[in-house]
>>> print(open('run.txt').read())   # compact mmCIF, C-alpha atoms
# COMPACT_ATOMS: atom_id res chain seq x y z
CA MET A 27 8.98 4.64 -42.22
CA ASP A 28 6.06 2.95 -43.92
CA ALA A 29 7.37 -0.49 -42.92
CA ARG A 30 7.75 0.63 -39.31
CA TYR A 31 4.18 2.00 -39.28
CA LYS A 32 2.81 -1.27 -40.68
CA ARG A 33 4.77 -3.29 -38.09
CA ARG A 34 3.41 -1.16 -35.24
CA LYS A 35 -0.12 -1.42 -36.60
CA LEU A 36 0.21 -5.20 -36.87
CA THR A 37 1.56 -5.40 -33.30
CA ASN A 38 -1.31 -3.26 -32.03
CA SER A 39 -3.90 -5.38 -33.82
CA LEU A 40 -2.35 -8.60 -32.51
CA SER A 41 -2.25 -7.25 -28.93
CA THR A 42 -5.88 -6.14 -29.18
CA LEU A 43 -6.89 -9.55 -30.50
CA LEU A 44 -5.06 -11.43 -27.76
CA SER A 45 -6.55 -9.14 -25.11
CA GLY A 46 -10.03 -9.76 -26.49
CA VAL A 47 -9.47 -13.51 -26.50
CA ALA A 48 -8.27 -13.40 -22.87
CA VAL A 49 -11.35 -11.40 -21.85
CA GLY A 50 -13.59 -13.81 -23.72
CA ILE A 51 -12.04 -16.83 -21.98
CA GLY A 52 -12.50 -15.18 -18.60
CA LEU A 53 -16.12 -14.31 -19.33
CA LEU A 54 -16.85 -17.82 -20.59
CA GLY A 55 -15.46 -19.29 -17.37
CA LEU A 56 -17.52 -16.89 -15.26
CA ILE A 57 -20.70 -17.55 -17.25
CA TRP A 58 -20.12 -21.31 -17.00
CA ILE A 59 -19.73 -21.14 -13.22
CA LEU A 60 -22.78 -18.92 -12.72
CA ALA A 61 -24.91 -20.97 -15.10
CA THR A 62 -24.00 -24.19 -13.28
CA LEU A 63 -24.80 -22.63 -9.92
CA PHE A 64 -28.15 -21.27 -11.01
CA ILE A 65 -29.22 -24.37 -12.96
CA LYS A 66 -28.47 -26.72 -10.05
CA GLY A 67 -29.11 -24.31 -7.19
CA VAL A 68 -32.27 -22.38 -8.01
CA PRO A 69 -34.54 -25.51 -8.11
CA ALA A 70 -33.51 -26.23 -4.50
CA MET A 71 -34.77 -22.80 -3.34
CA ASN A 72 -38.28 -23.73 -2.31
CA TRP A 73 -40.33 -22.65 0.70
CA ALA A 74 -38.73 -25.28 2.93
CA PHE A 75 -35.26 -24.03 1.96
CA PHE A 76 -35.96 -20.68 3.67
CA THR A 77 -38.10 -21.93 6.59
CA GLU A 78 -36.65 -25.25 7.81
CA SER A 79 -33.34 -26.14 9.44
CA THR A 80 -30.74 -28.46 7.96
CA PRO A 81 -31.92 -32.09 7.88
CA ALA A 82 -30.37 -35.08 9.58
CA PRO A 83 -28.07 -37.38 7.56
CA GLY A 84 -30.01 -39.53 5.11
CA SER A 85 -33.35 -37.75 5.66
CA GLU A 86 -35.41 -35.92 3.05
CA GLY A 87 -36.55 -32.31 2.95
CA GLY A 88 -35.13 -29.70 5.25
CA GLY A 89 -33.73 -26.28 4.51
CA MET A 90 -31.08 -23.73 5.35
CA ILE A 91 -32.79 -21.24 7.64
CA ASN A 92 -30.41 -21.91 10.54
CA ALA A 93 -27.37 -21.44 8.29
CA ILE A 94 -28.87 -18.32 6.65
CA VAL A 95 -29.63 -16.68 10.01
CA GLY A 96 -26.23 -17.69 11.37
CA SER A 97 -24.43 -16.14 8.40
CA LEU A 98 -26.52 -12.97 8.70
CA LEU A 99 -25.64 -12.65 12.38
CA ILE A 100 -21.92 -13.30 11.90
CA VAL A 101 -21.56 -11.09 8.81
CA GLY A 102 -23.78 -8.38 10.30
CA LEU A 103 -21.71 -8.19 13.48
CA THR A 104 -18.53 -8.20 11.39
CA THR A 105 -19.83 -5.24 9.38
CA LEU A 106 -20.71 -3.31 12.53
CA VAL A 107 -17.22 -3.88 13.92
CA SER A 108 -15.12 -3.43 10.79
CA THR A 109 -16.87 -0.37 9.33
CA PRO A 110 -16.08 2.25 12.00
CA ILE A 111 -12.60 0.83 12.68
CA GLY A 112 -11.73 0.73 8.97
CA ILE A 113 -13.09 4.20 8.20
CA LEU A 114 -11.41 5.88 11.18
CA ALA A 115 -8.10 4.16 10.43
CA GLY A 116 -8.35 5.19 6.77
CA ILE A 117 -9.05 8.81 7.79
CA TYR A 118 -6.01 8.80 10.08
CA LEU A 119 -3.72 7.39 7.37
CA ALA A 120 -4.93 9.84 4.71
CA GLU A 121 -5.37 13.02 6.76
CA PHE A 122 -3.08 12.82 9.79
CA GLY A 123 -0.41 10.20 9.12
CA ASP A 124 1.63 11.62 6.25
CA ARG A 125 4.98 11.45 8.08
CA SER A 126 4.07 9.33 11.06
CA LYS A 127 5.92 6.11 11.83
CA ILE A 128 2.72 4.68 13.27
CA ALA A 129 0.99 5.30 9.94
CA ALA A 130 3.82 3.62 8.05
CA VAL A 131 3.59 0.55 10.30
CA THR A 132 -0.21 0.54 9.94
CA ARG A 133 0.03 0.60 6.15
CA PHE A 134 2.56 -2.23 6.23
CA VAL A 135 0.35 -4.36 8.50
CA THR A 136 -2.70 -3.56 6.35
CA ASP A 137 -0.91 -4.75 3.21
CA ILE A 138 0.09 -7.97 4.97
CA MET A 139 -3.46 -8.57 6.16
CA LEU A 140 -4.83 -7.98 2.67
CA SER A 141 -2.58 -10.70 1.24
CA ALA A 142 -2.74 -13.13 4.18
CA PRO A 143 -4.56 -16.43 3.48
CA SER A 144 -7.89 -16.58 5.27
CA ILE A 145 -7.05 -19.97 6.78
CA VAL A 146 -4.07 -18.40 8.58
CA ILE A 147 -6.38 -15.78 10.08
CA GLY A 148 -8.75 -18.56 11.14
CA LEU A 149 -5.93 -20.45 12.85
CA PHE A 150 -4.79 -17.26 14.60
CA VAL A 151 -8.27 -16.58 16.01
CA TYR A 152 -8.61 -20.26 16.96
CA ALA A 153 -5.40 -20.14 18.99
CA LEU A 154 -6.24 -16.78 20.53
CA PHE A 155 -9.94 -17.16 21.35
CA VAL A 156 -11.32 -20.64 20.70
CA ALA A 157 -8.51 -22.45 22.49
CA THR A 158 -8.74 -19.96 25.37
CA THR A 159 -12.51 -20.19 25.83
CA LYS A 160 -12.43 -23.93 24.99
CA HIS A 161 -15.44 -23.77 22.67
CA PHE A 162 -16.37 -22.56 19.21
CA SER A 163 -18.67 -19.56 18.90
CA GLY A 164 -20.21 -17.06 16.54
CA TRP A 165 -18.23 -14.31 18.29
CA SER A 166 -14.97 -15.96 17.23
CA GLY A 167 -16.24 -16.23 13.67
CA SER A 168 -17.05 -12.52 13.59
CA ILE A 169 -13.59 -11.67 14.94
CA ALA A 170 -11.92 -13.74 12.22
CA LEU A 171 -14.02 -12.17 9.47
CA SER A 172 -13.39 -8.70 10.91
CA LEU A 173 -9.65 -9.24 10.52
CA ILE A 174 -10.33 -9.85 6.82
CA ALA A 175 -12.78 -6.98 6.30
CA VAL A 176 -10.99 -4.19 8.20
CA PRO A 177 -7.93 -3.96 5.87
CA VAL A 178 -10.22 -3.73 2.83
CA VAL A 179 -12.17 -0.82 4.36
CA VAL A 180 -8.97 0.88 5.55
CA ARG A 181 -7.29 0.73 2.15
CA THR A 182 -10.42 1.83 0.27
CA THR A 183 -11.06 4.77 2.63
CA GLU A 184 -7.45 5.95 2.47
CA ASN A 185 -7.31 5.75 -1.32
CA MET A 186 -10.61 7.58 -1.74
CA LEU A 187 -9.61 10.40 0.65
CA LYS A 188 -6.37 10.90 -1.25
CA LEU A 189 -8.47 11.73 -4.32
CA VAL A 190 -10.00 14.76 -2.57
CA PRO A 191 -8.36 17.90 -4.04
CA GLY A 192 -6.28 20.01 -1.67
CA SER A 193 -8.22 23.13 -2.64
CA LEU A 194 -11.32 21.69 -0.96
CA ARG A 195 -9.44 21.28 2.32
CA GLU A 196 -7.93 24.75 2.03
CA ALA A 197 -11.37 26.29 1.50
CA ALA A 198 -12.68 24.56 4.62
CA PHE A 199 -9.65 25.69 6.65
CA ALA A 200 -10.18 29.25 5.41
CA LEU A 201 -13.70 29.18 6.90
CA GLY A 202 -12.19 28.37 10.29
CA MET A 203 -13.09 24.67 10.50
CA PRO A 204 -10.82 22.50 12.68
CA ARG A 205 -8.95 19.69 10.99
CA TRP A 206 -11.08 16.90 12.43
CA ARG A 207 -14.25 18.53 11.10
CA VAL A 208 -12.65 19.04 7.70
CA SER A 209 -11.82 15.33 7.60
CA LEU A 210 -15.28 14.14 8.66
CA ASP A 211 -17.67 16.77 7.29
CA VAL A 212 -15.88 17.78 4.09
CA CYS A 213 -13.44 15.13 2.87
CA LEU A 214 -15.30 12.02 3.99
CA ARG A 215 -18.61 13.36 2.74
CA ALA A 216 -17.06 14.13 -0.65
CA VAL A 217 -16.02 10.50 -1.12
CA GLN A 218 -18.78 8.74 0.80
CA GLY A 219 -19.86 6.84 -2.33
CA GLY A 220 -16.42 5.28 -2.71
CA VAL A 221 -16.19 4.47 1.00
CA ILE A 222 -19.59 2.75 0.90
CA THR A 223 -18.37 0.82 -2.13
CA GLY A 224 -15.38 -0.41 -0.13
CA ILE A 225 -17.61 -1.52 2.72
CA LEU A 226 -19.92 -3.43 0.39
CA LEU A 227 -16.97 -5.09 -1.35
CA ALA A 228 -15.56 -6.12 2.04
CA VAL A 229 -18.93 -7.64 2.97
CA ALA A 230 -19.05 -9.44 -0.38
CA ARG A 231 -15.59 -10.89 0.26
CA ILE A 232 -16.32 -12.24 3.74
CA THR A 233 -19.75 -13.64 2.85
CA GLY A 234 -18.29 -16.76 1.25
CA GLU A 235 -15.25 -17.28 3.49
CA THR A 236 -15.17 -20.87 4.74
CA ALA A 237 -11.72 -21.51 6.24
CA PRO A 238 -11.90 -18.95 9.08
CA LEU A 239 -15.34 -20.20 10.16
CA LEU A 240 -14.19 -23.83 10.19
CA PHE A 241 -11.78 -22.93 13.00
CA THR A 242 -14.00 -20.46 14.86
CA ALA A 243 -17.80 -20.71 14.46
CA LEU A 244 -17.69 -24.33 13.25
CA ASN A 245 -21.33 -25.34 12.59
CA ASN A 246 -24.63 -26.20 14.24
CA GLN A 247 -27.36 -28.44 12.86
CA PHE A 248 -30.02 -26.64 14.88
CA PHE A 249 -31.43 -23.12 14.80
CA SER A 250 -29.75 -20.83 17.33
CA TRP A 251 -29.46 -17.14 18.12
CA ASN A 252 -26.74 -17.73 20.71
CA MET A 253 -23.50 -16.21 19.42
CA ASP A 254 -21.57 -17.75 22.32
CA GLN A 255 -22.07 -21.27 20.93
CA PRO A 256 -21.15 -23.02 17.66
CA MET A 257 -23.30 -21.41 14.98
CA ALA A 258 -24.53 -22.67 11.63
CA ASN A 259 -23.40 -20.67 8.61
CA LEU A 260 -23.72 -21.05 4.87
CA PRO A 261 -20.05 -21.54 3.85
CA VAL A 262 -19.31 -24.35 6.32
CA THR A 263 -22.70 -25.99 5.70
CA ILE A 264 -22.01 -25.96 1.96
CA PHE A 265 -18.60 -27.53 2.57
CA ASN A 266 -20.05 -30.30 4.72
CA PHE A 267 -23.08 -31.01 2.52
CA ALA A 268 -21.14 -30.97 -0.76
CA MET A 269 -18.70 -33.57 0.62
CA SER A 270 -21.49 -35.86 1.85
CA PRO A 271 -22.84 -38.93 0.01
CA TYR A 272 -26.48 -37.84 0.54
CA GLU A 273 -28.24 -36.49 -2.55
CA ASN A 274 -30.57 -34.28 -0.49
CA TRP A 275 -27.62 -32.61 1.23
CA GLN A 276 -25.90 -32.06 -2.11
CA GLU A 277 -29.03 -30.37 -3.53
CA LEU A 278 -29.19 -28.08 -0.51
CA ALA A 279 -25.50 -27.27 -0.95
CA TRP A 280 -26.14 -26.21 -4.55
CA GLY A 281 -29.03 -24.03 -3.40
CA ALA A 282 -26.92 -22.37 -0.70
CA SER A 283 -24.08 -21.82 -3.18
CA ALA A 284 -26.44 -20.13 -5.62
CA LEU A 285 -27.82 -17.98 -2.80
CA ILE A 286 -24.35 -16.75 -1.82
CA ALA A 287 -23.47 -16.10 -5.47
CA MET A 288 -26.62 -14.02 -5.95
CA LEU A 289 -25.95 -12.05 -2.75
CA VAL A 290 -22.36 -11.32 -3.77
CA LEU A 291 -23.44 -10.30 -7.28
CA LEU A 292 -26.12 -8.04 -5.82
CA LEU A 293 -23.64 -6.37 -3.45
CA ASN A 294 -21.16 -5.78 -6.28
CA ILE A 295 -23.85 -4.31 -8.53
CA VAL A 296 -25.10 -2.02 -5.75
CA ALA A 297 -21.54 -0.92 -4.98
CA ARG A 298 -20.75 -0.10 -8.60
CA VAL A 299 -24.04 1.72 -9.20
CA ALA A 300 -23.62 3.77 -6.01
CA PHE A 301 -20.04 4.67 -6.88
CA ARG A 302 -20.93 5.60 -10.47
CA GLU A 303 -23.84 7.81 -9.41
CA LYS A 304 -21.69 9.52 -6.78
CA SER A 305 -18.84 10.12 -9.21
CA HIS A 306 -21.21 11.62 -11.80
CA SER A 307 -22.98 13.87 -9.32
>>> encode(input="run.txt", output="C-alpha cells")
Amino acid sequence: MDARYKRRKLTNSLSTLLSGVAVGIGLLGLIWILATLFIKGVPAMNWAFFTESTPAPGSEGGGMINAIVGSLLIVGLTTLVSTPIGILAGIYLAEFGDRSKIAAVTRFVTDIMLSAPSIVIGLFVYALFVATTKHFSGWSGSIALSLIAVPVVVRTTENMLKLVPGSLREAAFALGMPRWRVSLDVCLRAVQGGVITGILLAVARITGETAPLLFTALNNQFFSWNMDQPMANLPVTIFNFAMSPYENWQELAWGASALIAMLVLLLNIVARVAFREKSHS
C-alpha cells in the first residue's frame, strides 16, 4: 500500500512538472512574439503613421491611415451583420430547437464553419460575389469575415444560454410571459456578459484575417471610403509590405502588426474582464 501511494505521488509530481514546463514553453513563445512585435513595431508608430496613407514603392515616410480606416470599416460592418444574426441563431438553437431537424443541421453547419480554413471562405466569396460583380470591394471583404464571425457568435450564445437554470425560465413562465420574451428579456439578459464576450472574441479573430481579404477586398494604396471598390486594410497591407524589399515598407509592416496585436490583446482583456464581472455579480 505504501509503495502504491509513493508511486502515485511520484506520477502526480511528474505530471505536474511536465504540465508546468509545457505552460512555461508556451508563455516563453508568446512573450517572445509580443516582445519582437513591440520592439520593432512601436518605434514606427509616429504621427505620420496615423495621419498619412501608404507610401509609393521606394519612397520614404508615409503611414497607414488608409489601411486603418479600411479595416475599421470592414470589421465594423462585419460586426453589425454578424452580431444580430449570430445572437438570434444562438437563441433559436438553445431555446426553440431542442428536437428540430433544422437546428441539428444548423449546428452541423456551424461546426463545419468554425473549423473551415479562412482561405476556403475567401475563395467561396470570391467565386460568389467578386467574380459575379467583376471587381473587388469592401462589401465582399465584410461578407467573407461575417462567414467567419457568425459561427463564433452562434456557438457562444447557444452555450451561454444553456447555462441558464431551468428554474429561471419556469419562474418567468409562471408570471405569464410568452416564450419569446422569456428568451430575450430573461435568459439573454442573464448571460449578456458571456454573449458580449463571444462577440468581442469573434471581432478579435477576424481583425487579423488576411486570406479572405486577399480574395475579396484586395487592397488600395489610396485613402477611400467607398466600400464598393478595392479597399486598403491592415492584414493585406502587412502581407504586401513585409514581403517587399523596401526598408520603409517593412518598418510600416512591423508597426501595423504591433497595432493589430495591441487591439486583439485589448479586446481579449475587455472580454475577460466583462465576463468575470458579470459572473461575479
>>> closest_residue(input="run.txt", among="A:Trp165, A:Leu278, A:Phe122, A:Ile264", to="Val208 in chain A", atoms="all atoms listed in the file")
A:Phe122
>>> closest_atom_pairs(input="run.txt", of="range 75-116 of chain A", to="range 135-140 of chain A", cutoff="12 Å", atoms="all atoms listed in the file", output="JSON lines")
{"residue": "A:Gly112", "atom": "CA", "partner": "A:Thr136", "partner_atom": "CA", "distance": 10.3}
{"residue": "A:Ala115", "atom": "CA", "partner": "A:Thr136", "partner_atom": "CA", "distance": 10.3}
{"residue": "A:Gly116", "atom": "CA", "partner": "A:Thr136", "partner_atom": "CA", "distance": 10.4}
>>> residues_around(input="run.txt", residues="Trp251 in chain A", least_positions_apart="2", cutoff="8 Å", atoms="only C-alpha atoms", output="PyMOL selection string")
chain A and resi 96+249+253
>>> atom_distance(input="run.txt", atom1="CA of Tyr152 in chain A", atom2="CA of Ser172 in chain A")
13.9 Å
>>> atom_distance(input="run.txt", atom1="CA of Phe75 in chain A", atom2="CA of Ser270 in chain A")
18.2 Å
>>> residues_around(input="run.txt", residues="Ser163 in chain A", least_positions_apart="2", cutoff="6 Å", atoms="only C-alpha atoms", output="list in words")
Trp165, Ser166, Ala243, Met253, Asp254, Gln255 and Pro256 of chain A
>>> residues_around(input="run.txt", residues="Thr77 in chain A", least_positions_apart="4", cutoff="7 Å", atoms="only C-alpha atoms", output="PDB file with C-alpha atoms, keeping the file's coordinate frame")
ATOM      1  CA  TRP A  73     -40.330 -22.650   0.700  1.00  0.00           C
ATOM      2  CA  GLY A  89     -33.730 -26.280   4.510  1.00  0.00           C
ATOM      3  CA  ILE A  91     -32.790 -21.240   7.640  1.00  0.00           C
TER       4      ILE A  91
END
>>> closest_residue(input="run.txt", among="A:Leu171, A:Leu226, A:Leu189, A:Ala287", to="Leu99 in chain A", atoms="all atoms listed in the file")
A:Leu171
>>> closest_residue(input="run.txt", among="A:Leu260, A:Leu187, A:Leu214, A:Val290", to="Leu244 in chain A", atoms="all atoms listed in the file")
A:Leu260
>>> atom_distance(input="run.txt", atom1="CA of Val49 in chain A", atom2="CA of Ala228 in chain A")
24.8 Å
>>> closest_residue(input="run.txt", among="A:Asp28, A:Ala170, A:Ile59, A:Ile225", to="Val156 in chain A", atoms="only C-alpha atoms")
A:Ala170
>>> closest_residue(input="run.txt", among="A:Thr159, A:Thr80, A:Ser141, A:Thr233", to="Asn92 in chain A", atoms="all atoms listed in the file")
A:Thr80
>>> closest_residue(input="run.txt", among="A:Trp58, A:Phe248, A:Phe64, A:Tyr31", to="Trp280 in chain A", atoms="only C-alpha atoms")
A:Phe64
>>> residues_around(input="run.txt", residues="Pro238 in chain A", least_positions_apart="3", cutoff="8 Å", atoms="all atoms listed in the file", output="list in words")
Ser144, Ile145, Val146, Ile147, Gly148, Leu149, Gly167, Ala170, Leu171, Glu235, Phe241 and Thr242 of chain A
>>> residues_around(input="run.txt", residues="Pro81 in chain A", least_positions_apart="3", cutoff="9 Å", atoms="only C-alpha atoms", output="ChimeraX atom specification")
/A:78,84-90,247,274-275
>>> axis_aligned_box(input="run.txt", around="range 41-46 of chain A", padding_each_side="3 Å", output="AutoDock Vina command-line options")
--center_x -6.1 --center_y -8.8 --center_z -27.8 --size_x 13.8 --size_y 11.3 --size_z 11.4
